[in-house]
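Quick notes on the structure that follows.
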Amino acid sequence: MAFTLADTQFMTLALQLAAKGRFTADPNPNVGAVIVQGAQIVGRGYHHQAGQGHAEVYALAEAGDKARGATCYVTLEPCSHFGRTPPCAEALIAAGVSRVVIAMLDPNPLVAGKGVALLTQAGINVQSGLMQAEARALNRGFLSAMERQRPWLRLKLAASIDGRTALANGQSKWISSEQARADVQLYRAQSSAVLSTASTVLADNARLSVRQPDGGPALTPLSDGQLRQPVRVILDRRCQLTGNELLFSLPGTILLCVTGDAPARKMPSQVQRLAVPLGADGYFDLRALLYLLAERQVRSVWVEAGATLAGALLQQQLVDEFILYQAPILLGPQARAMAELPELTALSQAYRFEFIDICQVGTDIRLTALLNKINTL
């Protein structure tokens with residue numbers, strides 16, 4: 001199916017608009033729309049927040065009567081069902097657009113081709129697949145939830161050149177630069193949940209919340225002016241947390257993961273207990289945890305923890321994306337390793353990654369990799 005250079009340019013703009021919703025749209029996908037009459041852009045829109053209008057609605061509102069006979073470029077198949085908002089496919093039909101170009105079809109079972117069918121039945125020329133890879137990259141969490149029934153998982157670590165995350169005595173503040181820590185805020189803000197452990201919370205007095213990064217790009221607030229806070233998911237198998245830690249003094253939902261027989265403890269009102277089964281090794285069944293989180297509409301998980309959880313996630317092949325901030329320092333062989341992994345006896349057993357991005361952030365290098373080519377949603 002042939003697309004013109006102009007088609008690509010307009011879809012590029014739609015993708016740029018879609019990216020504006022990445023701090024606020026969760027658990028909904030990031031979607032952008034552009035309406036073009038002739039060669040003139042007459043409407044733009046993106047989905048800002050769940051419960052508010054979809055991208056097509058805002059673009060149609062801006063276009064007005066100029067939408068009749070126009071082309072709509074949209075990064076995700078228009079919805080065909082009544083949810084918290086009316087179907088966008090019907091809105092496009094009512095507006096009289098003559099052509100719709102879609103980057104990717106919607107895997108949500110409530111849509112899944114039904115939007116295209118409605119548009120086609122109304123006599124609208126529908127084409128799909130333009131810049132599909134770019135559209136999917138914007139929505140890895142949403143796609144993972146729909147296609148695999150579990151969230152997309154990003155493991156973040158900060159390490160020295162020799163791959164060490166802390167001194168032998170546990171001191172780790174700060175291995176990474178201030179600019180790298182600001183960059184982390186951008187990732188937290190795009191995530192449905194931040195996953196960590198009670199040990200990390202206690203060792204670092206961690207808050208794991210989102211704040212406006214100092215000196216970095218500003219985060220987009222919700223309609224009430226507040227930053228969207230991801231759910232903080234804390235593994236506390238040994239019931240170490242008391243509820244008095246700094247983590248609990250900040251607003252936002254906290255899921256405290258415990259075993260089914262853990263004693264009930266009085267906790268602040270924002271804390272919800274989540275019983276997670278144990279695996280054969282006596283550690284939490286992390287795959288089961290991800291499925292439990294998916295049931296709560298958690299689309300993407302950002303992991304900030306130590307070597308134990310990092311190693312467990314890698315061993316269970318649950319890491320989709322690995323983000324390493326590598327600082328220009330050496331800590332020596334006695335310092336702590338990035339992940340607790342079993343001893344390997346052959347290079348064929350190595351955990352292999354595929355780099356998808358390498359850039360400098362402050363004095364550090366940020367390395368982004370996929371664990372394997374299977375996980376390229």
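Here, A, B, ... name the chains of the structure tokens in the order displayed, residue numbers run from 1 inside each chain, and ligands are numbered from 1 in the same displayed order.
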Excluding stretch 143-152 of chain A and residues on its chain fewer than 5 positions from it, collect all residues at most 7 Å away from it, counting only C-alpha atoms, and give them as a PDB file with all heavy atoms, in the first residue's frame.
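Heads up, here's the output in out06.pdb:
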ATOM      1  N   PRO A 107      -5.020  -3.310  19.249  1.00  0.00           N
ATOM      2  CA  PRO A 107      -5.171  -4.698  19.700  1.00  0.00           C
ATOM      3  C   PRO A 107      -6.208  -4.882  20.800  1.00  0.00           C
ATOM      4  O   PRO A 107      -6.515  -6.015  21.179  1.00  0.00           O
ATOM      5  CB  PRO A 107      -3.772  -5.053  20.206  1.00  0.00           C
ATOM      6  CG  PRO A 107      -3.221  -3.751  20.680  1.00  0.00           C
ATOM      7  CD  PRO A 107      -3.769  -2.704  19.733  1.00  0.00           C
ATOM      8  N   ASN A 108      -6.749  -3.771  21.328  1.00  0.00           N
ATOM      9  CA  ASN A 108      -7.788  -3.869  22.348  1.00  0.00           C
ATOM     10  C   ASN A 108      -8.962  -4.663  21.775  1.00  0.00           C
ATOM     11  O   ASN A 108      -9.511  -4.301  20.734  1.00  0.00           O
ATOM     12  CB  ASN A 108      -8.242  -2.461  22.751  1.00  0.00           C
ATOM     13  CG  ASN A 108      -9.241  -2.465  23.899  1.00  0.00           C
ATOM     14  OD1 ASN A 108      -9.894  -3.472  24.183  1.00  0.00           O
ATOM     15  ND2 ASN A 108      -9.378  -1.330  24.553  1.00  0.00           N
ATOM     16  N   LEU A 290       3.260  -9.578  37.966  1.00  0.00           N
ATOM     17  CA  LEU A 290       2.987  -8.771  36.780  1.00  0.00           C
ATOM     18  C   LEU A 290       1.568  -8.987  36.275  1.00  0.00           C
ATOM     19  O   LEU A 290       0.903  -8.044  35.842  1.00  0.00           O
ATOM     20  CB  LEU A 290       4.006  -9.077  35.686  1.00  0.00           C
ATOM     21  CG  LEU A 290       5.444  -8.614  35.958  1.00  0.00           C
ATOM     22  CD1 LEU A 290       6.337  -8.923  34.774  1.00  0.00           C
ATOM     23  CD2 LEU A 290       5.504  -7.131  36.292  1.00  0.00           C
ATOM     24  N   TYR A 291       1.089 -10.215  36.338  1.00  0.00           N
ATOM     25  CA  TYR A 291      -0.286 -10.466  35.918  1.00  0.00           C
ATOM     26  C   TYR A 291      -1.281  -9.791  36.869  1.00  0.00           C
ATOM     27  O   TYR A 291      -2.316  -9.262  36.440  1.00  0.00           O
ATOM     28  CB  TYR A 291      -0.553 -11.970  35.842  1.00  0.00           C
ATOM     29  CG  TYR A 291       0.088 -12.636  34.645  1.00  0.00           C
ATOM     30  CD1 TYR A 291       0.960 -13.707  34.800  1.00  0.00           C
ATOM     31  CD2 TYR A 291      -0.156 -12.183  33.354  1.00  0.00           C
ATOM     32  CE1 TYR A 291       1.568 -14.308  33.708  1.00  0.00           C
ATOM     33  CE2 TYR A 291       0.443 -12.772  32.255  1.00  0.00           C
ATOM     34  CZ  TYR A 291       1.309 -13.838  32.433  1.00  0.00           C
ATOM     35  OH  TYR A 291       1.899 -14.416  31.341  1.00  0.00           O
ATOM     36  N   ALA A 294      -1.352  -6.179  35.915  1.00  0.00           N
ATOM     37  CA  ALA A 294      -2.092  -5.968  34.672  1.00  0.00           C
ATOM     38  C   ALA A 294      -3.590  -5.913  34.936  1.00  0.00           C
ATOM     39  O   ALA A 294      -4.315  -5.138  34.297  1.00  0.00           O
ATOM     40  CB  ALA A 294      -1.771  -7.075  33.678  1.00  0.00           C
ATOM     41  N   VAL A 298      -2.200  -1.646  35.160  1.00  0.00           N
ATOM     42  CA  VAL A 298      -0.809  -1.196  35.125  1.00  0.00           C
ATOM     43  C   VAL A 298      -0.236  -1.614  33.782  1.00  0.00           C
ATOM     44  O   VAL A 298      -0.139  -2.802  33.474  1.00  0.00           O
ATOM     45  CB  VAL A 298       0.001  -1.802  36.287  1.00  0.00           C
ATOM     46  CG1 VAL A 298       1.491  -1.536  36.101  1.00  0.00           C
ATOM     47  CG2 VAL A 298      -0.476  -1.229  37.614  1.00  0.00           C
ATOM     48  N   ARG A 299       0.131  -0.635  32.963  1.00  0.00           N
ATOM     49  CA  ARG A 299       0.606  -0.902  31.603  1.00  0.00           C
ATOM     50  C   ARG A 299       2.119  -1.036  31.523  1.00  0.00           C
ATOM     51  O   ARG A 299       2.622  -1.776  30.689  1.00  0.00           O
ATOM     52  CB  ARG A 299       0.172   0.230  30.667  1.00  0.00           C
ATOM     53  CG  ARG A 299      -1.308   0.589  30.700  1.00  0.00           C
ATOM     54  CD  ARG A 299      -2.199  -0.567  30.366  1.00  0.00           C
ATOM     55  NE  ARG A 299      -3.538  -0.133  30.000  1.00  0.00           N
ATOM     56  CZ  ARG A 299      -4.595  -0.924  30.012  1.00  0.00           C
ATOM     57  NH1 ARG A 299      -4.483  -2.182  30.389  1.00  0.00           N
ATOM     58  NH2 ARG A 299      -5.780  -0.463  29.651  1.00  0.00           N
ATOM     59  N   SER A 300       2.846  -0.281  32.328  1.00  0.00           N
ATOM     60  CA  SER A 300       4.310  -0.314  32.260  1.00  0.00           C
ATOM     61  C   SER A 300       4.876  -0.182  33.670  1.00  0.00           C
ATOM     62  O   SER A 300       4.338   0.540  34.507  1.00  0.00           O
ATOM     63  CB  SER A 300       4.844   0.809  31.367  1.00  0.00           C
ATOM     64  OG  SER A 300       4.433   2.077  31.862  1.00  0.00           O
ATOM     65  N   VAL A 301       5.965  -0.898  33.908  1.00  0.00           N
ATOM     66  CA  VAL A 301       6.604  -0.928  35.231  1.00  0.00           C
ATOM     67  C   VAL A 301       8.049  -0.465  35.098  1.00  0.00           C
ATOM     68  O   VAL A 301       8.791  -0.947  34.236  1.00  0.00           O
ATOM     69  CB  VAL A 301       6.555  -2.353  35.824  1.00  0.00           C
ATOM     70  CG1 VAL A 301       7.345  -2.411  37.128  1.00  0.00           C
ATOM     71  CG2 VAL A 301       5.115  -2.801  36.049  1.00  0.00           C
ATOM     72  N   ASP A 320      12.001  -6.516  29.840  1.00  0.00           N
ATOM     73  CA  ASP A 320      11.800  -6.183  28.431  1.00  0.00           C
ATOM     74  C   ASP A 320      12.825  -5.169  27.949  1.00  0.00           C
ATOM     75  O   ASP A 320      13.344  -5.273  26.837  1.00  0.00           O
ATOM     76  CB  ASP A 320      10.396  -5.618  28.217  1.00  0.00           C
ATOM     77  CG  ASP A 320       9.311  -6.637  28.521  1.00  0.00           C
ATOM     78  OD1 ASP A 320       9.361  -7.733  27.949  1.00  0.00           O
ATOM     79  OD2 ASP A 320       8.415  -6.334  29.336  1.00  0.00           O
ATOM     80  N   LEU A 377       8.056  -5.035  21.157  1.00  0.00           N
ATOM     81  CA  LEU A 377       6.686  -4.583  20.937  1.00  0.00           C
ATOM     82  C   LEU A 377       6.666  -3.181  20.332  1.00  0.00           C
ATOM     83  O   LEU A 377       7.470  -2.357  20.666  1.00  0.00           O
ATOM     84  CB  LEU A 377       5.924  -4.564  22.251  1.00  0.00           C
ATOM     85  CG  LEU A 377       5.459  -5.922  22.786  1.00  0.00           C
ATOM     86  CD1 LEU A 377       4.857  -5.759  24.155  1.00  0.00           C
ATOM     87  CD2 LEU A 377       4.451  -6.555  21.846  1.00  0.00           C
TER      88      LEU A 377
END
Query - Spatial neighbours of A:Gly96, max dist 10 Å, only C-alpha atoms, sep filter under 4 positions, as JSON, numbers by chain - result: {"A": [65, 66, 67, 68, 69, 70, 71, 90, 91, 92, 122, 124]}
Query raised in the report: Looking only at the backbone, which of the residues in stretch 80-208 of chain A does DSSP tag as helix (DSSP H, G or I), as an MDAnalysis selection string?
Result: chainID A and resid 88:95 114:121 132:137 140:148 178:190 198:204
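With only C-alpha atoms as the basis for measurement, A:Gln297 is the residue among A:Thr259, A:Thr75, A:Gln297, A:Gln226 that approaches A:Gly141 most closely.
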Requested in this report: Give me the residues within 12 Å of stretch 358-369 of chain A as a ChimeraX atom specification, counting only C-alpha atoms and dropping any in the same chain fewer than 2 places off.
Outcome: /A:154-161,174-184,215-216,319-329,351-356,371-373,375-376
Query raised in the report: Within 10 Å of stretch 43-59 of chain A, counting only C-alpha atoms, which residues qualify if same-chain residues fewer than 3 places away don't, as JSON, numbers by chain?
Result: {"A": [13, 14, 15, 16, 17, 18, 19, 20, 21, 22, 23, 24, 25, 26, 27, 28, 29, 30, 31, 32, 33, 34, 35, 36, 37, 40, 62, 63, 64, 66, 67, 72, 73, 74, 75, 76, 78, 79, 83, 84, 85, 86, 87, 88, 89, 91, 92, 220, 221, 222, 223, 228]}
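When only C-alpha atoms are used to measure the gap to A:Gln270, the shortest distance among A:Leu250, A:Leu341, A:Leu309, A:Leu289 belongs to A:Leu250.
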Report summary line: Across A:Ala198, A:Ala350, A:Val111, A:Ala262, the smallest distance to A:Thr308, with only C-alpha atoms counted, is shown by A:Ala198
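Here the DSSP assignment of strand (DSSP E or B), based on backbone atoms, applies within stretch 89-206 of chain A to Arg99, Val100, Val101, Ile102, Ala103, Met104, Asn125, Val126, Gln127, Ser128, Trp152, Leu153, Arg154, Leu155, Lys156, Leu157, Ala158, Ala159, Arg164, Thr165, Ala166, Ala193, Val194, Leu195, Ser196 and Thr197 of chain A.
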Query raised in the report: Which residue, A:Thr197, A:Thr345, A:Ser98, A:Gln185, has the smallest gap to A:Gln127 when you use only C-alpha atoms?
Result: A:Ser98
Report task. Write out as a ChimeraX atom specification the residues lying within 7 Å of A:Arg164, counting only C-alpha atoms and excluding same-chain residues fewer than 6 positions away. Result -> /A:331,335-338
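With only C-alpha atoms as the atoms that count, the minimum distance from A:Ala61 to the choices A:Asp224, A:Ala95, A:Val100, A:Ala310 is reached by A:Ala95.
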All residues 10 Å or closer to A:Arg237, only C-alpha atoms, same chain fewer than 3 positions away omitted, as a PDB file with N, CA and C atoms, in the first residue's frame:
ATOM      1  N   THR A 197      11.865  -2.564  46.368  1.00  0.00           N
ATOM      2  CA  THR A 197      11.805  -3.479  47.510  1.00  0.00           C
ATOM      3  C   THR A 197      11.893  -2.707  48.818  1.00  0.00           C
ATOM      4  N   ALA A 198      11.454  -3.353  49.880  1.00  0.00           N
ATOM      5  CA  ALA A 198      11.559  -2.738  51.199  1.00  0.00           C
ATOM      6  C   ALA A 198      13.011  -2.451  51.543  1.00  0.00           C
ATOM      7  N   ILE A 234       5.850  -2.065  46.238  1.00  0.00           N
ATOM      8  CA  ILE A 234       6.986  -2.376  47.105  1.00  0.00           C
ATOM      9  C   ILE A 234       6.899  -3.832  47.556  1.00  0.00           C
ATOM     10  N   GLN A 240       9.162  -5.588  56.623  1.00  0.00           N
ATOM     11  CA  GLN A 240      10.135  -4.688  57.235  1.00  0.00           C
ATOM     12  C   GLN A 240       9.609  -3.266  57.409  1.00  0.00           C
ATOM     13  N   LEU A 241       8.671  -2.849  56.558  1.00  0.00           N
ATOM     14  CA  LEU A 241       8.217  -1.467  56.577  1.00  0.00           C
ATOM     15  C   LEU A 241       7.176  -1.249  57.668  1.00  0.00           C
ATOM     16  N   LEU A 256       1.604  -2.637  48.677  1.00  0.00           N
ATOM     17  CA  LEU A 256       2.570  -3.323  49.520  1.00  0.00           C
ATOM     18  C   LEU A 256       2.423  -4.816  49.275  1.00  0.00           C
ATOM     19  N   CYS A 257       3.417  -5.398  48.632  1.00  0.00           N
ATOM     20  CA  CYS A 257       3.349  -6.805  48.245  1.00  0.00           C
ATOM     21  C   CYS A 257       3.861  -7.676  49.383  1.00  0.00           C
ATOM     22  N   VAL A 258       2.993  -8.542  49.867  1.00  0.00           N
ATOM     23  CA  VAL A 258       3.320  -9.418  50.987  1.00  0.00           C
ATOM     24  C   VAL A 258       2.878 -10.837  50.646  1.00  0.00           C
ATOM     25  N   THR A 259       3.257 -11.787  51.472  1.00  0.00           N
ATOM     26  CA  THR A 259       2.784 -13.151  51.303  1.00  0.00           C
ATOM     27  C   THR A 259       1.366 -13.275  51.850  1.00  0.00           C
ATOM     28  N   GLY A 260       0.669 -14.313  51.428  1.00  0.00           N
ATOM     29  CA  GLY A 260      -0.728 -14.475  51.837  1.00  0.00           C
ATOM     30  C   GLY A 260      -0.917 -14.621  53.324  1.00  0.00           C
ATOM     31  N   ALA A 262       0.987 -13.109  55.649  1.00  0.00           N
ATOM     32  CA  ALA A 262       1.631 -11.999  56.362  1.00  0.00           C
ATOM     33  C   ALA A 262       0.657 -11.373  57.352  1.00  0.00           C
ATOM     34  N   ALA A 275      -1.459  -9.572  48.072  1.00  0.00           N
ATOM     35  CA  ALA A 275      -0.892 -10.887  48.375  1.00  0.00           C
ATOM     36  C   ALA A 275      -0.322 -11.491  47.098  1.00  0.00           C
ATOM     37  N   VAL A 276       0.973 -11.793  47.121  1.00  0.00           N
ATOM     38  CA  VAL A 276       1.666 -12.345  45.959  1.00  0.00           C
ATOM     39  C   VAL A 276       2.215 -13.716  46.336  1.00  0.00           C
ATOM     40  N   LEU A 278       4.584 -17.076  46.472  1.00  0.00           N
ATOM     41  CA  LEU A 278       6.023 -17.282  46.414  1.00  0.00           C
ATOM     42  C   LEU A 278       6.353 -18.310  45.339  1.00  0.00           C
ATOM     43  N   GLY A 282      11.442 -19.529  46.985  1.00  0.00           N
ATOM     44  CA  GLY A 282      11.114 -18.811  48.205  1.00  0.00           C
ATOM     45  C   GLY A 282      11.006 -17.316  48.028  1.00  0.00           C
ATOM     46  N   TYR A 283      11.293 -16.824  46.825  1.00  0.00           N
ATOM     47  CA  TYR A 283      11.149 -15.399  46.506  1.00  0.00           C
ATOM     48  C   TYR A 283       9.781 -15.199  45.873  1.00  0.00           C
ATOM     49  N   PHE A 284       9.350 -13.956  45.796  1.00  0.00           N
ATOM     50  CA  PHE A 284       8.060 -13.677  45.169  1.00  0.00           C
ATOM     51  C   PHE A 284       8.017 -14.228  43.741  1.00  0.00           C
TER      52      PHE A 284
END
Query raised in the report: Interatomic distance between atom CA of A:Ala2 and atom CA of A:Ser80?
Result: 25.8 Å
